[in-house]
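Undergrad: Below is the file structure.cif, which contains mmCIF, C-alpha atoms.
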data_start
loop_
_atom_site.label_atom_id
_atom_site.label_comp_id
_atom_site.auth_asym_id
_atom_site.auth_seq_id
_atom_site.Cartn_x
_atom_site.Cartn_y
_atom_site.Cartn_z
CA MET A 1 -3.25 26.19 -20.51
CA ILE A 2 -2.67 22.48 -20.41
CA ASN A 3 0.95 23.06 -19.50
CA ASN A 4 -0.29 24.69 -16.34
CA LEU A 5 -2.38 21.68 -15.55
CA GLN A 6 0.38 19.16 -15.99
CA ILE A 7 3.75 20.34 -14.82
CA ASN A 8 5.37 16.99 -14.15
CA PRO A 9 5.78 14.15 -16.61
CA LEU A 10 3.28 11.35 -16.09
CA THR A 11 4.45 8.32 -14.17
CA GLU A 12 4.54 5.08 -16.08
CA SER A 13 1.61 3.82 -13.99
CA ALA A 14 -0.52 6.92 -14.66
CA TYR A 15 0.31 6.84 -18.38
CA TYR A 16 -0.73 3.23 -18.80
CA ILE A 17 -3.86 3.61 -16.68
CA LEU A 18 -5.01 6.58 -18.76
CA LEU A 19 -4.24 4.68 -21.94
CA SER A 20 -6.15 1.62 -20.69
CA LEU A 21 -9.19 3.77 -19.95
CA TYR A 22 -9.80 4.85 -23.53
CA THR A 23 -12.09 1.84 -23.26
CA PRO A 24 -14.16 1.62 -20.05
CA ARG A 25 -12.60 -0.95 -17.72
CA HIS A 26 -12.82 -2.14 -14.13
CA GLY A 27 -9.80 -2.43 -11.84
CA TYR A 28 -8.76 -5.95 -12.74
CA GLY A 29 -9.31 -5.16 -16.43
CA ILE A 30 -6.86 -2.26 -16.16
CA MET A 31 -4.24 -4.53 -14.55
CA GLN A 32 -4.61 -7.16 -17.26
CA ASN A 33 -4.49 -4.60 -20.05
CA ILE A 34 -1.33 -2.98 -18.70
CA SER A 35 0.30 -6.38 -18.36
CA GLU A 36 -0.59 -7.15 -22.00
CA LEU A 37 0.51 -3.76 -23.34
CA SER A 38 3.87 -4.04 -21.60
CA ASN A 39 4.43 -7.71 -22.50
CA SER A 40 4.19 -8.62 -18.79
CA ARG A 41 6.91 -6.14 -17.87
CA ILE A 42 4.50 -4.25 -15.59
CA ASN A 43 2.33 -6.33 -13.31
CA MET A 44 0.69 -3.64 -11.26
CA GLY A 45 -0.23 -4.52 -7.69
CA PRO A 46 -3.77 -3.78 -6.46
CA GLY A 47 -2.53 -1.32 -3.81
CA THR A 48 -0.59 0.67 -6.39
CA LEU A 49 -3.50 0.66 -8.84
CA TYR A 50 -6.09 1.62 -6.24
CA GLY A 51 -4.02 4.60 -5.08
CA ALA A 52 -3.40 5.70 -8.67
CA ILE A 53 -7.10 5.47 -9.60
CA THR A 54 -8.11 7.51 -6.52
CA ASN A 55 -5.50 10.10 -7.44
CA LEU A 56 -6.54 10.31 -11.11
CA ILE A 57 -10.22 10.70 -10.17
CA GLU A 58 -9.30 13.54 -7.78
CA LYS A 59 -7.46 15.26 -10.64
CA GLY A 60 -10.45 14.77 -12.92
CA TRP A 61 -8.43 12.83 -15.51
CA ILE A 62 -10.60 9.72 -15.23
CA LYS A 63 -14.14 9.18 -13.94
CA LEU A 64 -16.31 6.46 -12.51
CA ILE A 65 -18.93 5.53 -15.10
CA LEU A 66 -20.52 2.42 -13.58
CA ASP A 67 -20.96 1.13 -10.04
CA ASP A 68 -23.32 -1.79 -9.74
CA GLY A 69 -22.26 -2.54 -6.18
CA ARG A 70 -19.97 -5.35 -7.28
CA LYS A 71 -17.70 -3.81 -9.86
CA LYS A 72 -16.74 -0.28 -10.75
CA GLU A 73 -15.92 0.83 -14.24
CA TYR A 74 -13.79 3.82 -15.08
CA GLN A 75 -13.17 5.87 -18.21
CA ILE A 76 -10.80 8.64 -19.25
CA THR A 77 -12.23 12.19 -19.24
CA LYS A 78 -11.78 14.93 -21.82
CA LEU A 79 -9.18 16.54 -19.57
CA GLY A 80 -7.42 13.18 -19.22
CA THR A 81 -7.30 12.85 -23.00
CA GLU A 82 -5.69 16.31 -23.26
CA ILE A 83 -3.12 15.32 -20.66
CA MET A 84 -2.37 12.11 -22.55
CA LYS A 85 -1.86 13.97 -25.84
CA ASN A 86 0.36 16.47 -24.12
CA GLU A 87 2.45 13.71 -22.60
CA MET A 88 2.73 11.92 -25.93
CA ASP A 89 4.06 15.12 -27.51
CA ARG A 90 6.62 15.38 -24.72
CA LEU A 91 7.64 11.75 -25.21
CA LYS A 92 7.87 12.28 -28.97
CA GLU A 93 10.20 15.19 -28.38
CA LEU A 94 12.41 13.06 -26.14
CA LEU A 95 12.47 10.23 -28.63
CA ASN A 96 13.07 12.47 -31.66
CA ASN A 97 15.95 14.27 -30.02
CA GLY A 98 17.43 10.97 -28.88
CA ASN A 99 17.17 9.52 -32.35
CA LYS A 100 18.61 12.63 -33.99
CA ILE A 101 21.67 12.74 -31.79
CA LEU A 102 22.33 9.01 -31.63
CA LYS A 103 21.99 8.69 -35.40
CA GLY A 104 24.29 11.68 -35.84
CA GLU A 105 26.84 10.00 -33.61
CA THR A 106 26.63 6.77 -35.54
CA LYS A 107 27.30 8.70 -38.76
CA ASN A 108 30.33 10.36 -37.25
CA VAL A 109 31.84 7.07 -36.06
CA MET B 1 -6.27 -29.20 11.98
CA PHE B 2 -5.51 -25.91 13.69
CA LYS B 3 -2.50 -24.32 15.27
CA LYS B 4 -2.41 -21.21 17.40
CA ALA B 5 0.48 -18.88 18.06
CA PHE B 6 0.83 -15.72 20.08
CA ARG B 7 3.19 -13.06 18.81
CA LEU B 8 3.55 -9.30 18.90
CA TYR B 9 4.84 -7.72 15.73
CA TRP B 10 5.64 -4.05 15.34
CA ASP B 11 7.06 -4.41 11.85
CA LYS B 12 4.59 -5.53 9.19
CA ASP B 13 7.41 -6.69 6.89
CA GLU B 14 8.73 -9.09 9.53
CA GLU B 15 5.19 -10.24 10.25
CA GLU B 16 4.60 -10.85 6.54
CA LYS B 17 7.84 -12.82 6.33
CA TRP B 18 6.79 -15.02 9.25
CA LEU B 19 3.32 -15.67 7.78
CA ASN B 20 4.90 -16.68 4.47
CA GLU B 21 7.37 -18.96 6.27
CA MET B 22 4.42 -20.57 8.07
CA SER B 23 2.72 -21.07 4.71
CA GLU B 24 5.92 -22.69 3.39
CA LYS B 25 5.66 -25.14 6.30
CA GLY B 26 2.01 -25.89 5.48
CA TRP B 27 0.25 -23.54 7.89
CA ALA B 28 -2.06 -20.87 6.50
CA LEU B 29 -3.22 -17.93 8.62
CA LYS B 30 -6.97 -18.02 9.04
CA LYS B 31 -7.72 -15.68 11.95
CA PHE B 32 -6.05 -12.89 13.86
CA PHE B 33 -7.07 -11.36 17.16
CA LEU B 34 -4.86 -9.21 19.41
CA GLY B 35 -1.63 -11.02 18.62
CA LEU B 36 -3.25 -14.44 18.53
CA TYR B 37 -2.74 -16.06 15.13
CA THR B 38 -4.84 -19.07 14.17
CA PHE B 39 -3.44 -21.26 11.40
CA GLU B 40 -5.08 -23.95 9.34
CA LYS B 41 -3.33 -26.81 7.56
CA CYS B 42 -2.58 -26.06 3.88
CA GLU B 43 -0.39 -27.36 1.08
CA LYS B 44 3.24 -26.35 1.62
CA GLY B 45 3.70 -22.89 0.11
CA GLU B 46 0.10 -22.70 -1.05
CA TYR B 47 -0.41 -19.03 -0.21
CA CYS B 48 1.45 -15.76 -0.36
CA TYR B 49 0.48 -13.34 2.42
CA ARG B 50 0.52 -9.55 2.33
CA ILE B 51 -0.28 -7.03 5.06
CA ASP B 52 -1.54 -3.53 4.40
CA LEU B 53 -2.45 -0.45 6.40
CA MET B 54 -5.66 1.08 5.12
CA LYS B 55 -6.59 4.75 5.28
CA ASN B 56 -9.57 4.00 7.54
CA LEU B 57 -10.81 1.41 10.01
CA VAL B 58 -11.94 -1.83 8.44
CA ASN B 59 -15.69 -1.17 8.76
CA PHE B 60 -15.51 2.11 6.80
CA LYS B 61 -17.03 2.25 3.32
CA GLU B 62 -13.64 3.17 1.78
CA SER B 63 -11.96 0.18 3.40
CA ILE B 64 -14.68 -2.23 2.30
CA GLU B 65 -14.28 -0.88 -1.23
CA TYR B 66 -10.52 -1.34 -1.09
CA ILE B 67 -10.83 -4.92 0.16
CA LYS B 68 -13.33 -5.67 -2.63
CA PHE B 69 -10.93 -4.16 -5.16
CA VAL B 70 -8.05 -6.36 -3.98
CA GLU B 71 -10.28 -9.45 -3.94
CA GLU B 72 -11.34 -8.75 -7.50
CA THR B 73 -7.72 -9.31 -8.55
CA GLY B 74 -7.73 -12.88 -7.30
CA ALA B 75 -6.55 -12.29 -3.73
CA GLU B 76 -8.46 -13.22 -0.60
CA TYR B 77 -9.26 -11.20 2.51
CA VAL B 78 -8.10 -13.18 5.55
CA ALA B 79 -8.40 -10.98 8.62
CA SER B 80 -8.14 -7.44 9.85
CA TRP B 81 -7.25 -5.48 12.93
CA GLY B 82 -8.09 -1.78 13.22
CA ARG B 83 -6.71 -0.31 10.02
CA TRP B 84 -4.54 -3.35 9.31
CA VAL B 85 -5.63 -5.96 6.83
CA PHE B 86 -4.25 -9.39 5.91
CA PHE B 87 -4.59 -10.65 2.36
CA ARG B 88 -3.43 -13.85 0.73
CA LYS B 89 -3.29 -15.19 -2.79
CA ASN B 90 -2.97 -18.74 -3.98
CA VAL B 91 0.51 -18.92 -5.53
CA SER B 92 -0.92 -20.76 -8.56
CA LYS B 93 -2.72 -17.50 -9.42
CA GLY B 94 0.56 -15.66 -9.91
CA LYS B 95 2.82 -13.27 -8.07
CA PHE B 96 1.24 -11.26 -5.28
CA ASP B 97 2.47 -7.81 -4.35
CA LEU B 98 0.22 -4.97 -3.26
CA TYR B 99 2.65 -2.21 -4.17
CA THR B 100 4.71 -2.54 -7.32
CA ASP B 101 6.31 0.84 -7.86
CA ILE B 102 8.62 2.83 -5.61
CA GLU B 103 6.23 5.79 -5.27
CA SER B 104 3.34 3.73 -3.97
CA LYS B 105 5.69 1.74 -1.71
CA ILE B 106 6.97 5.00 -0.23
CA ASN B 107 3.40 6.28 0.21
CA SER B 108 2.35 3.13 2.03
CA TYR B 109 5.32 3.42 4.42
CA LYS B 110 4.53 7.11 4.93
CA GLU B 111 1.03 6.13 6.05
CA ILE B 112 2.54 3.64 8.51
CA ARG B 113 5.04 6.23 9.77
CA LYS B 114 2.25 8.75 10.32
CA MET B 115 0.13 6.31 12.30
CA PHE B 116 2.94 5.13 14.61
CA GLY B 117 4.24 8.70 14.95
CA ILE B 118 0.87 10.07 16.07
CA LEU B 119 0.29 7.15 18.47
CA GLY B 120 3.83 7.52 19.87
CA ILE B 121 3.47 11.24 20.54
CA ALA B 122 -0.01 10.76 22.04
CA GLU B 123 1.35 8.06 24.34
CA LEU B 124 4.25 10.31 25.31
CA CYS B 125 1.81 13.12 26.23
CA ILE B 126 -0.30 10.73 28.31
CA GLY B 127 2.89 9.60 30.08
CA ILE B 128 3.94 13.16 30.87
CA GLY B 129 0.43 13.92 32.16
CA GLN B 130 0.61 10.77 34.24
CA ILE B 131 3.79 11.92 36.05
CA GLY B 132 1.88 14.89 37.44
CA SER B 133 -0.82 12.64 38.81
CA ILE B 134 1.56 10.55 40.94
CA ASN B 135 0.77 11.64 44.47
CA ILE B 136 3.72 11.07 46.84
CA ASN B 137 1.40 10.55 49.79
CA ASP B 138 -0.84 8.12 48.02
CA HIS B 139 -0.71 4.50 49.21
CA PHE B 140 -1.16 3.35 45.62
CA ARG B 141 1.68 5.49 44.24
CA ILE B 142 3.66 2.38 43.32
CA TYR B 143 0.89 1.33 40.91
CA ALA B 144 0.69 4.79 39.43
CA PHE B 145 4.46 4.66 39.02
CA ILE B 146 4.40 1.28 37.27
CA PHE B 147 1.56 2.45 35.05
CA THR B 148 3.57 5.53 34.03
CA ILE B 149 6.62 3.38 33.22
CA LEU B 150 4.45 1.13 31.04
CA ILE B 151 3.05 4.11 29.15
CA PHE B 152 6.54 5.49 28.54
CA SER B 153 7.76 2.08 27.36
CA LEU B 154 4.90 1.88 24.90
CA ALA B 155 5.66 5.42 23.69
CA ALA B 156 9.31 4.43 23.23
CA ILE B 157 8.38 1.34 21.18
CA LEU B 158 5.96 3.32 19.00
CA LEU B 159 8.53 6.05 18.37
CA LEU B 160 11.23 3.47 17.58
CA VAL B 161 8.92 1.89 15.01
CA THR B 162 8.34 5.36 13.56
CA ILE B 163 12.11 5.88 13.20
CA LYS B 164 12.54 2.41 11.70
CA THR B 165 9.79 3.12 9.16
CA ASN B 166 11.40 6.47 8.41
CA ASN B 167 14.67 4.67 7.61
CA LYS B 168 12.82 2.38 5.21
CA ILE B 169 11.38 5.44 3.44
CA ASN B 170 14.83 7.06 3.19
CA LYS B 171 16.28 3.87 1.73
CA LEU B 172 13.52 3.69 -0.90
CA GLU B 173 13.90 7.38 -1.73
CA LYS B 174 17.61 6.87 -2.39
CA GLU B 175 16.78 4.08 -4.83
CA HIS B 176 14.32 6.39 -6.54
#
Give the structure from the file, written as structure tokens.
TA:
Amino acid sequence: MINNLQINPLTESAYYILLSLYTPRHGYGIMQNISELSNSRINMGPGTLYGAITNLIEKGWIKLILDDGRKKEYQITKLGTEIMKNEMDRLKELLNNGNKILKGETKNV
Amino acid sequence: MFKKAFRLYWDKDEEEKWLNEMSEKGWALKKFFLGLYTFEKCEKGEYCYRIDLMKNLVNFKESIEYIKFVEETGAEYVASWGRWVFFRKNVSKGKFDLYTDIESKINSYKEIRKMFGILGIAELCIGIGQIGSININDHFRIYAFIFTILIFSLAAILLLVTIKTNNKINKLEKEH
């Protein structure tokens, strides 16, 4: 079922936003967290983040949980969690196969 | 101290470049109205400017929310015009880019292409309609003629910008 919901691999931005929202965060909090997680490799711009958040809400993968008029806080949904797990399995597969073959090659050399 | 300049930009990237060059020289954009830019003295290179096209006009709820969102990240709203918005960030607060991945960059250019494309085609239709209204026997036909030429020129500019934006999208998609 989930495979029908998520046909394409997640983008790096979507992956890290979902991951950041295991804890409720506001926009700037998400940006800071992603920067920390990636050791400052990804410094997401506000335009990119805003578009991604809008898109993820539309898909029902994250939701707005607080809006006090000043700041908005978001959190991952159950569906979003499923998508994340699914993507992690896919990534694991990629990594495992890569490791298997590269290690095999090293042995042969 | 203030400085005013009048310019017409069709390309937001060139406009952005100019605003950042002005900032390098110690002039920070403060106001914008119909091609009239008002600058205020600042430290040389104090600000980095970015221009964005929003989905809606600036007074819409969605646009206000977007501006708030950008401001929350340490940037400042400077001015707006229709759906266009000018932001700046003090360089001491770090790098300032609105769009940081290829997909969102492409999407933002697609929005720009759509807007100029629709305006260009609308202008072209008005121009064609205008031709029919030129009455050969009318004393004022010369004015109607000039007016039609102006409308067609505007349509041509708008469609050229659309093509230029389309080329930018193609270039980004190749990098993708």
Undergrad: Between CA of Gly94 in chain B and CA of Arg41 in chain A, what is the spacing in Å?
TA: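 It comes out at 13.9 Å.
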Undergrad: Suppose you want the space between CA of Thr81 in chain A and CA of Glu72 in chain B; what is it in Å?
TA: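 We find that CA of Thr81 in chain A and CA of Glu72 in chain B lie 26.9 Å from each other.
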Undergrad: Could you jot down the CA of Val58 in chain B to CA of Val85 in chain B separation for me, Å, one decimal place?
TA: 7.7 Å
Undergrad: Applying 9 Å and only C-alpha atoms, which residues near range 147-155 of chain B remain after dropping the ones on its own chain fewer than 3 positions away? List them as a PyMOL selection string.
TA: chain B and resi 119-128+130-131+134+142-144+158-160
Undergrad: Of the candidates B:Asn167, B:Ser108, B:Asn90, B:Thr73, which shows the shortest atom-to-atom distance to Asp52 in chain B, using all atoms listed in the file?
TA: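 Looking only at the distances to Asp52 in chain B, the closest residue turns out to be B:Ser108.
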Undergrad: Distance cut-off 6 Å, counting all atoms listed in the file - which residues of chain B neighbour chain A? Return them as a VMD selection string.
TA: chain B and resid 70 73 97 to 100 104
Undergrad: Excluding same-chain residues fewer than 2 positions from Leu10 in chain A, what lies within 9 Å of it counting only C-alpha atoms, as number ranges by chain?
TA: A: 6, 8, 12-15, 83-84, 87
Undergrad: Give me, as JSON lines, each residue of range 109-175 of chain B that comes within 9 Å of range 3-22 of chain B, together with its shortest interatomic pair and the distance in Å at one decimal, counting all atoms listed in the file, with rows ordered by chain and rising residue number.
TA:
{"residue": "B:Ile157", "atom": "CA", "partner": "B:Trp10", "partner_atom": "CA", "distance": 8.4}
{"residue": "B:Leu158", "atom": "CA", "partner": "B:Trp10", "partner_atom": "CA", "distance": 8.2}
{"residue": "B:Val161", "atom": "CA", "partner": "B:Trp10", "partner_atom": "CA", "distance": 6.8}
{"residue": "B:Lys164", "atom": "CA", "partner": "B:Asp11", "partner_atom": "CA", "distance": 8.8}
{"residue": "B:Thr165", "atom": "CA", "partner": "B:Asp11", "partner_atom": "CA", "distance": 8.4}
Undergrad: I would like the residues chosen by the PyMOL selection byres ((chain A and resi 73) around 12) on the shown file; could you give them as a list in words?
TA: Ser20, Leu21, Tyr22, Thr23, Pro24, Arg25, His26, Gly27, Tyr28, Gly29, Ile30, Ile53, Ile62, Lys63, Leu64, Ile65, Leu66, Asp67, Asp68, Gly69, Arg70, Lys71, Lys72, Tyr74, Gln75 and Ile76 of chain A; Phe69 of chain B
Undergrad: Just say which residues the PyMOL selection byres ((chain B and resi 31) around 12) picks in this file, as a ChimeraX atom specification.
TA: /B:2-6,19,27-30,32-40,77-81,85-87
Undergrad: Mind writing the picked residues with C-alpha atoms as a PDB file, in the coordinates of the input?
TA:
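Done, and the output landed in selection_1.pdb:
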ATOM      1  CA  PHE B   2      -5.510 -25.910  13.690  1.00  0.00           C
ATOM      2  CA  LYS B   3      -2.500 -24.320  15.270  1.00  0.00           C
ATOM      3  CA  LYS B   4      -2.410 -21.210  17.400  1.00  0.00           C
ATOM      4  CA  ALA B   5       0.480 -18.880  18.060  1.00  0.00           C
ATOM      5  CA  PHE B   6       0.830 -15.720  20.080  1.00  0.00           C
ATOM      6  CA  LEU B  19       3.320 -15.670   7.780  1.00  0.00           C
ATOM      7  CA  TRP B  27       0.250 -23.540   7.890  1.00  0.00           C
ATOM      8  CA  ALA B  28      -2.060 -20.870   6.500  1.00  0.00           C
ATOM      9  CA  LEU B  29      -3.220 -17.930   8.620  1.00  0.00           C
ATOM     10  CA  LYS B  30      -6.970 -18.020   9.040  1.00  0.00           C
ATOM     11  CA  PHE B  32      -6.050 -12.890  13.860  1.00  0.00           C
ATOM     12  CA  PHE B  33      -7.070 -11.360  17.160  1.00  0.00           C
ATOM     13  CA  LEU B  34      -4.860  -9.210  19.410  1.00  0.00           C
ATOM     14  CA  GLY B  35      -1.630 -11.020  18.620  1.00  0.00           C
ATOM     15  CA  LEU B  36      -3.250 -14.440  18.530  1.00  0.00           C
ATOM     16  CA  TYR B  37      -2.740 -16.060  15.130  1.00  0.00           C
ATOM     17  CA  THR B  38      -4.840 -19.070  14.170  1.00  0.00           C
ATOM     18  CA  PHE B  39      -3.440 -21.260  11.400  1.00  0.00           C
ATOM     19  CA  GLU B  40      -5.080 -23.950   9.340  1.00  0.00           C
ATOM     20  CA  TYR B  77      -9.260 -11.200   2.510  1.00  0.00           C
ATOM     21  CA  VAL B  78      -8.100 -13.180   5.550  1.00  0.00           C
ATOM     22  CA  ALA B  79      -8.400 -10.980   8.620  1.00  0.00           C
ATOM     23  CA  SER B  80      -8.140  -7.440   9.850  1.00  0.00           C
ATOM     24  CA  TRP B  81      -7.250  -5.480  12.930  1.00  0.00           C
ATOM     25  CA  VAL B  85      -5.630  -5.960   6.830  1.00  0.00           C
ATOM     26  CA  PHE B  86      -4.250  -9.390   5.910  1.00  0.00           C
ATOM     27  CA  PHE B  87      -4.590 -10.650   2.360  1.00  0.00           C
TER      28      PHE B  87
END
Undergrad: So what does the PyMOL selection byres ((chain A and resi 60) around 10) actually pick up in this one, as a PDB file with C-alpha atoms, keeping the file's coordinate frame?
TA:
ATOM      1  CA  THR A  54      -8.110   7.510  -6.520  1.00  0.00           C
ATOM      2  CA  ASN A  55      -5.500  10.100  -7.440  1.00  0.00           C
ATOM      3  CA  LEU A  56      -6.540  10.310 -11.110  1.00  0.00           C
ATOM      4  CA  ILE A  57     -10.220  10.700 -10.170  1.00  0.00           C
ATOM      5  CA  GLU A  58      -9.300  13.540  -7.780  1.00  0.00           C
ATOM      6  CA  LYS A  59      -7.460  15.260 -10.640  1.00  0.00           C
ATOM      7  CA  TRP A  61      -8.430  12.830 -15.510  1.00  0.00           C
ATOM      8  CA  ILE A  62     -10.600   9.720 -15.230  1.00  0.00           C
ATOM      9  CA  LYS A  63     -14.140   9.180 -13.940  1.00  0.00           C
ATOM     10  CA  ILE A  76     -10.800   8.640 -19.250  1.00  0.00           C
ATOM     11  CA  THR A  77     -12.230  12.190 -19.240  1.00  0.00           C
ATOM     12  CA  LYS A  78     -11.780  14.930 -21.820  1.00  0.00           C
ATOM     13  CA  LEU A  79      -9.180  16.540 -19.570  1.00  0.00           C
ATOM     14  CA  GLY A  80      -7.420  13.180 -19.220  1.00  0.00           C
TER      15      GLY A  80
END
Undergrad: Using only C-alpha atoms, which residue out of B:Ile67, B:Ile169, B:Thr162, B:Asn59 lies closest to Gly117 in chain B?
TA: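 Smallest distance to Gly117 in chain B is found for B:Thr162.
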Undergrad: Please, which residues are within 12 Å of (9.7, 6.9, -2.1) by the file's coordinates, counting all atoms listed in the file, and could they come as a VMD selection string?
TA: chain B and resid 99 to 111 165 to 176
Undergrad: Kindly indicate which residue among B:Tyr49, B:Gly132, B:Ile163, B:Ser92 lies nearest to Lys114 in chain B, using all atoms listed in the file for the distances.
TA: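 Closest residue, counting all atoms listed in the file: B:Ile163.
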